[in-house]
$ cat data_37.cif   # mmCIF, C-alpha atoms
data_work
loop_
_atom_site.label_atom_id
_atom_site.label_comp_id
_atom_site.auth_asym_id
_atom_site.auth_seq_id
_atom_site.Cartn_x
_atom_site.Cartn_y
_atom_site.Cartn_z
CA MET A 1 124.32 87.44 62.65
CA PHE A 2 125.92 89.04 65.69
CA LYS A 3 124.12 90.97 68.33
CA GLU A 4 125.20 94.59 68.58
CA LEU A 5 127.43 95.41 71.53
CA ASP A 6 125.60 97.52 74.10
CA PRO A 7 126.58 101.13 73.23
CA ILE A 8 126.34 102.18 76.89
CA LEU A 9 129.00 99.65 77.82
CA HIS A 10 131.04 99.79 74.62
CA SER A 11 133.05 102.77 75.75
CA GLN A 12 136.46 102.65 77.39
CA LEU A 13 135.73 104.41 80.67
CA ARG A 14 132.18 103.14 81.20
CA LEU A 15 133.32 99.57 80.53
CA ALA A 16 136.19 100.02 82.99
CA VAL A 17 133.80 101.34 85.66
CA MET A 18 131.40 98.46 85.13
CA SER A 19 134.24 95.89 85.20
CA LEU A 20 135.35 97.28 88.56
CA LEU A 21 131.85 97.39 89.99
CA ILE A 22 131.00 93.84 88.88
CA THR A 23 133.83 92.59 91.13
CA VAL A 24 132.85 94.46 94.30
CA GLN A 25 129.76 95.05 96.39
CA GLU A 26 130.18 98.84 96.30
CA ALA A 27 132.98 101.33 95.65
CA ASP A 28 133.68 104.98 96.38
CA PHE A 29 134.17 107.50 93.60
CA SER A 30 137.82 107.94 94.71
CA PHE A 31 138.50 104.19 94.33
CA ILE A 32 137.06 104.13 90.81
CA LYS A 33 138.99 107.28 89.88
CA GLU A 34 142.25 105.79 91.15
CA LYS A 35 141.80 102.49 89.35
CA THR A 36 140.66 103.95 86.04
CA ASN A 37 143.10 106.91 86.01
CA ALA A 38 140.24 109.08 84.79
CA THR A 39 139.67 112.75 85.56
CA ALA A 40 136.97 113.53 88.12
CA GLY A 41 134.88 115.47 85.60
CA ASN A 42 134.94 112.79 82.92
CA LEU A 43 134.26 110.05 85.45
CA SER A 44 131.26 111.93 86.87
CA VAL A 45 129.74 112.30 83.41
CA GLN A 46 130.21 108.61 82.57
CA ILE A 47 128.86 107.41 85.92
CA GLN A 48 125.84 109.65 85.38
CA LYS A 49 125.26 107.95 81.98
CA LEU A 50 125.46 104.51 83.61
CA LYS A 51 123.06 105.69 86.29
CA GLU A 52 120.59 106.99 83.68
CA ALA A 53 120.74 103.60 81.95
CA GLY A 54 119.88 101.97 85.29
CA TYR A 55 123.18 100.05 85.37
CA VAL A 56 124.52 101.58 88.58
CA GLU A 57 123.13 103.04 91.78
CA VAL A 58 124.80 106.17 93.06
CA GLU A 59 124.52 107.19 96.69
CA LYS A 60 125.78 110.56 97.85
CA LYS A 61 126.44 111.13 101.54
CA PHE A 62 128.82 112.96 103.86
CA SER A 63 131.69 111.41 105.79
CA ASN A 64 133.71 113.65 108.15
CA ASN A 65 132.11 116.69 106.43
CA TYR A 66 133.40 115.54 103.03
CA PRO A 67 131.04 114.48 100.28
CA LEU A 68 131.24 110.75 99.61
CA THR A 69 129.85 109.18 96.48
CA THR A 70 129.34 105.42 96.50
CA CYS A 71 128.54 103.40 93.39
CA LYS A 72 127.01 99.98 93.17
CA ILE A 73 126.08 97.85 90.18
CA THR A 74 122.36 97.06 89.82
CA PRO A 75 120.83 93.71 88.78
CA LYS A 76 120.05 95.35 85.41
CA GLY A 77 123.71 96.37 85.16
CA ILE A 78 124.85 92.81 85.93
CA GLU A 79 122.57 91.47 83.23
CA ALA A 80 123.80 94.04 80.71
CA PHE A 81 127.46 93.32 81.55
CA ASP A 82 126.83 89.58 81.25
CA ALA A 83 125.18 90.04 77.85
CA TYR A 84 128.04 92.32 76.73
CA VAL A 85 130.68 89.72 77.68
CA LYS A 86 128.72 86.94 75.93
CA THR A 87 128.43 88.99 72.74
CA LEU A 88 132.12 89.82 72.96
CA GLN A 89 132.93 86.13 73.27
CA GLU A 90 130.87 85.38 70.15
CA TYR A 91 132.85 88.00 68.19
CA LEU A 92 136.18 86.71 69.44
CA ASN A 93 135.31 83.04 68.84
CA THR A 94 134.32 83.81 65.27
CA GLY A 95 137.55 85.76 64.79
CA LYS A 96 139.58 82.69 65.78
CA LYS A 97 137.83 80.38 63.28
CA MET B 1 141.50 106.87 80.72
CA HIS B 2 139.60 108.45 77.83
CA ASN B 3 136.13 107.59 76.88
CA ASP B 4 135.15 108.20 73.31
CA GLN B 5 137.89 106.12 71.71
CA GLU B 6 136.70 103.48 69.28
CA LEU B 7 137.09 100.10 70.97
CA SER B 8 137.99 96.83 69.33
CA GLN B 9 136.70 93.56 70.85
CA GLU B 10 140.23 92.70 72.01
CA GLU B 11 140.58 96.08 73.70
CA SER B 12 137.24 95.59 75.46
CA LEU B 13 138.36 92.23 76.76
CA LYS B 14 141.68 93.73 77.88
CA ILE B 15 139.89 96.51 79.82
CA ILE B 16 137.60 94.00 81.54
CA THR B 17 140.51 91.72 82.53
CA GLU B 18 142.70 94.62 83.69
CA MET B 19 139.98 96.18 85.83
CA ILE B 20 139.01 92.90 87.46
CA GLU B 21 142.70 92.25 88.25
CA LYS B 22 143.10 95.79 89.64
CA ALA B 23 140.06 95.36 91.87
CA LYS B 24 141.31 91.98 93.09
CA SER B 25 144.84 93.22 93.86
CA HIS B 26 143.48 96.05 96.01
CA PHE B 27 142.43 93.85 98.91
CA HIS B 28 144.52 92.60 101.74
CA GLU B 29 143.09 90.80 104.71
CA SER B 30 144.20 92.71 107.83
CA GLY B 31 143.60 89.71 110.08
CA SER B 32 142.51 92.03 112.94
CA GLY B 33 139.50 89.90 113.93
CA ALA B 34 141.47 86.65 113.96
CA ILE B 35 144.33 88.24 115.96
CA LEU B 36 141.86 89.68 118.47
CA TRP B 37 139.99 86.43 119.12
CA GLY B 38 143.15 84.31 118.99
CA SER B 39 144.78 86.52 121.67
CA VAL B 40 141.74 86.79 123.94
CA ILE B 41 140.69 83.13 123.90
CA GLY B 42 144.33 81.97 124.09
CA PHE B 43 144.99 84.28 127.08
CA CYS B 44 141.82 83.17 128.90
CA GLY B 45 142.66 79.51 128.30
CA ILE B 46 146.21 79.88 129.65
CA ILE B 47 145.08 81.83 132.75
CA SER B 48 142.37 79.23 133.48
CA PHE B 49 144.92 76.43 133.09
CA LEU B 50 147.41 78.19 135.41
CA GLN B 51 144.71 78.80 138.06
CA LEU B 52 143.71 75.14 138.10
CA TYR B 53 147.23 73.75 137.87
CA PHE B 54 148.81 75.97 140.53
CA HIS B 55 145.65 76.21 142.68
CA PHE B 56 145.21 79.97 142.84
CA SER B 57 142.45 82.35 141.88
CA ILE B 58 142.61 85.77 140.27
CA GLY B 59 139.29 86.62 141.89
CA PHE B 60 137.10 86.95 138.84
CA ASP B 61 136.02 84.90 135.84
CA ILE B 62 138.72 85.50 133.22
CA TRP B 63 136.34 84.37 130.48
CA LEU B 64 134.38 87.60 130.97
CA LEU B 65 137.17 89.09 128.86
CA THR B 66 135.59 87.42 125.83
CA ALA B 67 132.46 89.52 126.44
CA VAL B 68 134.62 92.66 126.65
CA ALA B 69 136.43 91.66 123.42
CA ILE B 70 133.17 92.07 121.54
CA LEU B 71 133.63 95.85 121.79
CA PRO B 72 136.97 95.96 119.91
CA GLN B 73 135.47 93.56 117.35
CA LEU B 74 132.61 95.99 116.73
CA TYR B 75 135.16 98.86 116.64
CA ILE B 76 137.22 97.00 113.99
CA VAL B 77 134.13 96.53 111.81
CA TRP B 78 133.12 100.20 112.29
CA LYS B 79 136.68 101.50 111.59
CA ASN B 80 137.03 99.35 108.47
CA ARG B 81 133.71 100.62 107.26
CA ARG B 82 134.80 104.25 107.70
CA MET B 83 138.22 103.84 106.15
CA ARG B 84 137.43 101.66 103.18
CA THR B 85 136.88 103.08 99.73
CA VAL B 86 135.51 99.83 98.41
CA GLN B 87 133.76 96.80 99.80
CA THR B 88 134.12 93.40 98.22
CA TYR B 89 131.63 90.59 98.60
CA HIS B 90 134.38 88.61 100.32
CA GLU B 91 135.01 91.42 102.84
CA ALA B 92 131.28 91.87 103.51
CA ALA B 93 130.95 88.13 104.12
CA MET B 94 133.95 88.10 106.49
CA ASN B 95 132.60 91.03 108.50
CA ALA B 96 129.21 89.35 108.72
CA VAL B 97 130.65 86.02 109.91
CA TRP B 98 132.94 87.57 112.56
CA SER B 99 130.28 90.00 113.81
CA THR B 100 127.78 87.15 114.09
CA PHE B 101 130.41 85.11 115.93
CA ALA B 102 130.82 87.98 118.43
CA ILE B 103 127.05 88.15 119.00
CA ILE B 104 126.76 84.37 119.45
CA LEU B 105 129.73 84.31 121.82
CA PHE B 106 128.12 87.03 123.90
CA CYS B 107 124.88 85.01 124.01
CA LEU B 108 126.80 81.89 125.05
CA ILE B 109 128.37 83.78 127.97
CA LEU B 110 124.91 85.03 128.88
CA TYR B 111 123.66 81.43 128.73
CA LEU B 112 126.38 80.13 131.05
CA ASN B 113 125.77 82.90 133.56
CA ILE B 114 121.99 82.80 133.54
CA VAL B 115 121.15 79.11 133.26
CA THR B 116 122.52 78.17 136.71
CA GLY B 117 120.30 80.63 138.59
CA ILE B 118 117.32 79.97 136.40
CA THR B 119 117.59 76.18 136.76
CA LYS B 120 117.37 76.59 140.54
CA GLN B 121 114.33 78.84 140.18
CA LEU B 122 112.57 76.48 137.76
CA LEU B 123 113.13 73.58 140.18
CA LEU B 124 111.79 75.69 143.06
CA ASP B 125 108.68 76.47 140.98
CA GLU B 126 108.10 72.73 140.88
CA HIS B 127 108.83 72.54 144.63
CA GLN B 128 112.12 70.74 144.10
CA ALA B 129 115.68 71.41 145.17
CA LEU B 130 118.99 69.61 144.84
CA PHE B 131 121.07 68.71 147.88
CA ILE B 132 124.46 67.10 148.31
CA LYS B 133 125.12 64.82 151.30
CA ASN B 134 128.41 64.22 153.03
CA THR B 135 128.42 60.43 153.51
CA ILE B 136 130.63 60.62 156.61
CA SER B 137 129.13 63.51 158.57
CA GLY B 138 125.65 63.13 157.11
CA GLU B 139 125.60 66.88 156.54
CA THR B 140 123.51 68.01 153.60
CA LYS B 141 123.75 71.28 151.76
CA GLU B 142 121.87 72.73 148.85
CA ILE B 143 123.69 72.94 145.52
CA ASN B 144 123.10 75.15 142.54
CA PRO B 145 122.18 72.80 139.71
CA PHE B 146 123.27 73.33 136.14
CA VAL B 147 120.87 71.56 133.82
CA PRO B 148 121.89 72.37 130.28
CA SER B 149 119.07 73.89 128.26
CA SER B 150 119.80 72.10 124.99
CA ASN B 151 116.97 73.87 123.16
CA SER B 152 118.52 77.25 123.99
CA LEU B 153 121.78 76.07 122.43
CA PHE B 154 119.90 74.86 119.36
CA LEU B 155 118.30 78.31 119.06
CA LEU B 156 121.78 79.87 119.15
CA VAL B 157 122.98 77.52 116.43
CA TYR B 158 119.89 78.39 114.34
CA ALA B 159 120.63 82.10 114.75
CA PHE B 160 124.23 81.86 113.44
CA PRO B 161 123.67 81.01 109.75
CA THR B 162 120.42 82.98 109.66
CA LEU B 163 122.02 86.19 110.91
CA ALA B 164 125.18 85.71 108.82
CA THR B 165 123.12 85.12 105.67
CA GLY B 166 120.93 88.13 106.48
CA PHE B 167 124.00 90.37 106.95
CA ILE B 168 125.82 89.10 103.85
CA ARG B 169 122.84 89.22 101.49
CA LYS B 170 121.28 92.25 103.21
CA PHE B 171 118.11 90.18 103.20
CA LYS B 172 115.84 91.72 105.81
CA PRO B 173 113.47 88.76 106.38
CA MET B 174 116.43 86.55 107.34
CA LEU B 175 118.03 89.29 109.40
CA LEU B 176 114.78 89.73 111.32
CA GLY B 177 114.44 85.94 111.57
CA GLY B 178 117.94 85.75 113.06
CA LEU B 179 117.13 88.48 115.57
CA LEU B 180 113.92 86.66 116.48
CA CYS B 181 115.99 83.50 117.03
CA LEU B 182 118.12 85.44 119.52
CA LEU B 183 115.01 86.76 121.27
CA CYS B 184 113.65 83.20 121.43
CA PHE B 185 117.04 82.12 122.81
CA ILE B 186 116.82 84.74 125.59
CA ALA B 187 113.21 83.76 126.36
CA SER B 188 114.20 80.06 126.42
CA LEU B 189 116.70 80.79 129.20
CA PHE B 190 113.83 81.70 131.50
CA LEU B 191 111.26 79.14 130.42
CA ASN B 192 110.99 75.41 130.91
CA THR B 193 111.50 72.80 128.20
CA THR B 194 107.82 72.64 127.20
CA TYR B 195 107.86 76.27 126.06
CA ASP B 196 111.33 75.84 124.54
CA PHE B 197 109.82 73.58 121.88
CA LEU B 198 107.28 76.26 121.03
CA LEU B 199 110.14 78.76 120.73
CA LEU B 200 112.02 76.35 118.44
CA ALA B 201 108.98 76.15 116.19
CA ILE B 202 108.55 79.96 116.13
CA ALA B 203 112.26 80.42 115.34
CA ALA B 204 112.18 77.86 112.53
CA VAL B 205 109.08 79.37 110.94
CA PHE B 206 110.30 83.00 111.08
CA SER B 207 113.98 82.34 110.37
CA TRP B 208 113.70 79.86 107.56
CA LEU B 209 110.19 79.02 106.41
CA ILE B 210 108.96 82.57 105.80
CA PRO B 211 112.26 83.89 104.30
CA GLY B 212 112.41 80.68 102.23
CA LEU B 213 108.90 81.28 100.87
CA ILE B 214 109.83 84.89 100.05
CA LEU B 215 112.97 83.67 98.21
CA ARG B 216 110.92 81.05 96.37
CA ASN B 217 108.46 83.73 95.30
CA ILE B 218 111.28 85.93 93.97
CA TYR B 219 112.80 82.92 92.18
CA ILE B 220 109.50 82.01 90.51
CA LYS B 221 109.05 85.62 89.37
CA GLN B 222 112.60 85.70 87.96
CA GLN B 223 112.08 82.40 86.14
CA ALA B 224 108.81 83.69 84.65
CA ALA B 225 110.55 86.89 83.49
CA HIS B 226 113.21 84.89 81.61
CA VAL B 227 110.75 82.62 79.76
#
$ encode --input "data_37.cif" --output "C-alpha cells"
Amino acid sequence: MFKELDPILHSQLRLAVMSLLITVQEADFSFIKEKTNATAGNLSVQIQKLKEAGYVEVEKKFSNNYPLTTCKITPKGIEAFDAYVKTLQEYLNTGKK
Amino acid sequence: MHNDQELSQEESLKIITEMIEKAKSHFHESGSGAILWGSVIGFCGIISFLQLYFHFSIGFDIWLLTAVAILPQLYIVWKNRRMRTVQTYHEAAMNAVWSTFAIILFCLILYLNIVTGITKQLLLDEHQALFIKNTISGETKEINPFVPSSNSLFLLVYAFPTLATGFIRKFKPMLLGGLLCLLCFIASLFLNTTYDFLLLAIAAVFSWLIPGLILRNIYIKQQAAHV
C-alpha cells in the first residue's frame, strides 16, 4: 500500500518552488519567478499556499524603495519534501518491477 | 509554468531535477575576496622583501594595508548581499569564512602592535626591564621586548571556527561565544599569563560547552519527536 503524495507538493508550480528552495538558503520572489517561468500572480498564490501549510517562510521588506519578498524553506517544509521524494521513489521503484 | 495540471510521478521527478539543476547553474563564484587578499598580501610581501633586500624604507609599515583591506572585504560582502536575488548555503558559508578571516587578521595586526608595548609595561609592573649591552663599549640601552602571548593566539584560533560556525548556521549562542572569544583575546593582550588561563577557560565554556549543551538539548528533543 502506497502512501498518498502530499497534495500541497503534488502540484507543478508548488513542487518547482519547493525544489528551488530546498537547494538554497533563501531566494527572492524575482529569482523564483525567473526560474519557474510563472506569472507573478500565480506564483504569489502558490507561495501563499506553501506558507499557509508552514512549508516556507516569507519575509517582505524594502530595498531601494522597492518591495522585496524573500522566501525560505522551513524545517517542516524540508521534512515534507523529503517524505514526498521518498514516496515518489517507492512509486517509481514499483513501476520498474 | 502552470499549476493545476495533473502530475505523473515521472513528471514530478523531472520538475525536481530540473529545478535543482537550474538553481545550481545560477551561481558563479566571483572570486572577489580571493583576488583582494591575494593582491594585498602579495603586494605587502614584495614591498617588505624589496625594503630588506635593497636597504630602504618607505617610512611606514606596509602591512597596515592588510588592516585597510578589511574595509573592501566588508564592502564586497555588503554589495553581494544587496545585489543577490538568492543565497546558497555554499555562498553563505564562503562569506562567513572570508569575513571571519578578515576579523581574525585585524585582531592579529592588533596583537602585533599591542603586545610589544604591553610586554614592556607588564615587566615594569614586576620591576623588571630588558637591556642590551654593547660588549665592546660596555654601553647598555633598554630594548622593547616582544614576548609572544601564546594564550592570546590560542584565543584567536578558538574564535575562528566558532564565529564561522555561528555565521554559517546563524546559531546565536556560537556567534556570541565567538565574540566573547575575541573580547577575551583583547583582554588577554593586557593581562599576564595567569589571567590568560582564566580567559581560555571562559572562552571554552561560552564558545563550545554552552552552545554544545544547547545543541545536545535540541538533538535529544528531535530524537524524542521521531520515536
$ residues_around --input "data_37.cif" --residues "region 188-192 of chain B" --least-positions-apart "5" --cutoff "12 Å" --atoms "all atoms listed in the file" --output "ChimeraX atom specification"
/B:107-108,110-123,125-126,147-156,180-183,197-200,202-203
$ resolve_selection --input "data_37.cif" --expression "the PyMOL selection byres ((chain B) within 9 of (chain A))" --output "tab-separated table (two decimals) with C-alpha atoms, in the coordinates of the input"
chain	number	residue	atom	x	y	z
B	1	MET	CA	141.50	106.87	80.72
B	2	HIS	CA	139.60	108.45	77.83
B	3	ASN	CA	136.13	107.59	76.88
B	4	ASP	CA	135.15	108.20	73.31
B	5	GLN	CA	137.89	106.12	71.71
B	6	GLU	CA	136.70	103.48	69.28
B	7	LEU	CA	137.09	100.10	70.97
B	9	GLN	CA	136.70	93.56	70.85
B	10	GLU	CA	140.23	92.70	72.01
B	11	GLU	CA	140.58	96.08	73.70
B	12	SER	CA	137.24	95.59	75.46
B	13	LEU	CA	138.36	92.23	76.76
B	15	ILE	CA	139.89	96.51	79.82
B	16	ILE	CA	137.60	94.00	81.54
B	17	THR	CA	140.51	91.72	82.53
B	18	GLU	CA	142.70	94.62	83.69
B	19	MET	CA	139.98	96.18	85.83
B	20	ILE	CA	139.01	92.90	87.46
B	21	GLU	CA	142.70	92.25	88.25
B	22	LYS	CA	143.10	95.79	89.64
B	23	ALA	CA	140.06	95.36	91.87
B	24	LYS	CA	141.31	91.98	93.09
B	82	ARG	CA	134.80	104.25	107.70
B	84	ARG	CA	137.43	101.66	103.18
B	85	THR	CA	136.88	103.08	99.73
B	86	VAL	CA	135.51	99.83	98.41
B	87	GLN	CA	133.76	96.80	99.80
B	88	THR	CA	134.12	93.40	98.22
B	89	TYR	CA	131.63	90.59	98.60
B	90	HIS	CA	134.38	88.61	100.32
B	92	ALA	CA	131.28	91.87	103.51
$ atom_distance --input "data_37.cif" --atom1 "CA of Pro161 (chain B)" --atom2 "CA of Met174 (chain B)"
9.4 Å
$ atom_distance --input "data_37.cif" --atom1 "CA of Thr66 (chain B)" --atom2 "CA of Thr165 (chain B)"
23.8 Å
$ atom_distance --input "data_37.cif" --atom1 "CA of Val58 (chain A)" --atom2 "CA of Ile73 (chain A)"
8.9 Å
$ resolve_selection --input "data_37.cif" --expression "the PyMOL selection byres ((chain B and resi 130) around 8)" --output "PyMOL selection string"
chain B and resi 128-129+131-132+142-145
$ write_last_selection --input "data_37.cif" --atoms "C-alpha atoms" --output "short mmCIF file (atom, residue, chain, number, x, y, z; two decimals), keeping the file's coordinate frame"
data_model
loop_
_atom_site.label_atom_id
_atom_site.label_comp_id
_atom_site.auth_asym_id
_atom_site.auth_seq_id
_atom_site.Cartn_x
_atom_site.Cartn_y
_atom_site.Cartn_z
CA GLN B 128 112.12 70.74 144.10
CA ALA B 129 115.68 71.41 145.17
CA PHE B 131 121.07 68.71 147.88
CA ILE B 132 124.46 67.10 148.31
CA GLU B 142 121.87 72.73 148.85
CA ILE B 143 123.69 72.94 145.52
CA ASN B 144 123.10 75.15 142.54
CA PRO B 145 122.18 72.80 139.71
#
$ resolve_selection --input "data_37.cif" --expression "the PyMOL selection byres ((chain B and resi 28-38) around 8)" --output "list in words"
Ser25, His26, Phe27, Ser39, Val40, Ile41, Gly42, Ala69, Gln73, Ile76 and Trp98 of chain B
$ closest_residue --input "data_37.cif" --among "A:Asn93, A:Glu34, A:Thr74, A:Asp82" --to "Glu52 (chain A)" --atoms "all atoms listed in the file"
A:Thr74
$ residues_near_point --input "data_37.cif" --point "(119.3, 92.3, 92.6)" --cutoff "12 Å" --atoms "only C-alpha atoms" --output "list in words"
Gln25, Tyr55, Val56, Glu57, Lys72, Ile73, Thr74, Pro75, Lys76, Gly77, Ile78 and Glu79 of chain A; Arg169, Lys170, Phe171, Ile218, Tyr219 and Gln222 of chain B
